[in-house]
Amino acid sequence: MRLTLYTDYALRTLIYLGLNELRRATIAEISNAYGISENHLVKVVHHLGRLDLVTTSRGRGGGLRLALAPDQVNVGQVVRSMEDDLSLVECFSSGNCVITPTCHLRGVLGEALAAFLAVLDRYTLADLISPPGKTEMAKLLGLLPSPGPDTQIPRRL
């Protein structure tokens with residue numbers, strides 16, 4: 001099972017916003033933090049907005065925020081909503097394979113896909129951004145500055 005970059009970017013965007021709940025973020029900021037294309041991210045954010053997972057506002061002071069608390073964002077639902085096609089093999093969608101009527105592979109792969117999604121369903125965005133590692137993740141994304149020996153920098157998290 002391999003998720004598309006589209007879904008990967010959606011999950012990363014939600015993680016960024018979850019770590020940065022106290023203020024709005026911009027697409028440019030998220031793109032820069034991850035080193036990913038702004039153009040791709042615009043499409044992802046638009047889709048997340050249509051799913052009511054993020055809110056967007058334009059203009060000065062605008063940006064993105066989570067529309068729900070992190071513990072209300074289910075990872076399995078995000079993956080299902082972002083992926084166009086979870087058909088692992090041709091027989092899941094079209095059934096054009098010659099051996100489809102007698103093949104057991106479809107059932108085995110269907111069971112594997114169901115197990116994969118069941119695991120994702122057990123987790124929320126809050127699980128993905130919880131300690132341990134929350135502070136280090138925020139630092140890696142540039143949300144928390146690495147203070148020098150004599151600096152007092154307020155936390156944004």
# chains A, B, ... in the order shown; residues from 1 in each chain; ligands from 1

call {"tool": "residues_around", "arguments": {"residues": "stretch 52-62 of chain A", "least_positions_apart": "6", "cutoff": "8 Å", "atoms": "only C-alpha atoms", "output": "number ranges by chain"}}
result
A: 24, 26, 45, 68, 73

call {"tool": "select_by_dssp", "arguments": {"residues": "stretch 33-138 of chain A", "states": "alpha helix (DSSP H)", "output": "VMD selection string"}}
result
chain A and resid 33 to 34 38 to 50 75 to 82 90 to 93 105 to 121 125 to 128 134 to 138

call {"tool": "closest_residue", "arguments": {"among": "A:Thr124, A:Asp84, A:Leu117, A:Asn39", "to": "A:Ala69", "atoms": "only C-alpha atoms"}}
result
A:Thr124

call {"tool": "atom_distance", "arguments": {"atom1": "atom CA of A:Gly76", "atom2": "atom CA of A:Leu120"}}
result
4.4 Å

call {"tool": "closest_residue", "arguments": {"among": "A:Thr7, A:Asn32, A:Thr102, A:Gln72", "to": "A:Leu143", "atoms": "only C-alpha atoms"}}
result
A:Asn32

call {"tool": "select_by_dssp", "arguments": {"residues": "stretch 52-119 of chain A", "states": "strand (DSSP E or B)", "output": "number ranges by chain"}}
result
A: 54-57, 63-66, 74

call {"tool": "residues_around", "arguments": {"residues": "A:Ala25", "least_positions_apart": "6", "cutoff": "7 Å", "atoms": "only C-alpha atoms", "output": "ChimeraX atom specification"}}
result
/A:63-65

call {"tool": "closest_residue", "arguments": {"among": "A:Met1, A:Ile30, A:Met137, A:Leu125", "to": "A:Val75", "atoms": "only C-alpha atoms"}}
result
A:Leu125

call {"tool": "atom_distance", "arguments": {"atom1": "atom CA of A:Glu83", "atom2": "atom CA of A:Gly133"}}
result
27.5 Å

call {"tool": "closest_residue", "arguments": {"among": "A:Thr135, A:Ser87, A:Gln77, A:Thr100", "to": "A:Tyr123", "atoms": "only C-alpha atoms"}}
result
A:Gln77
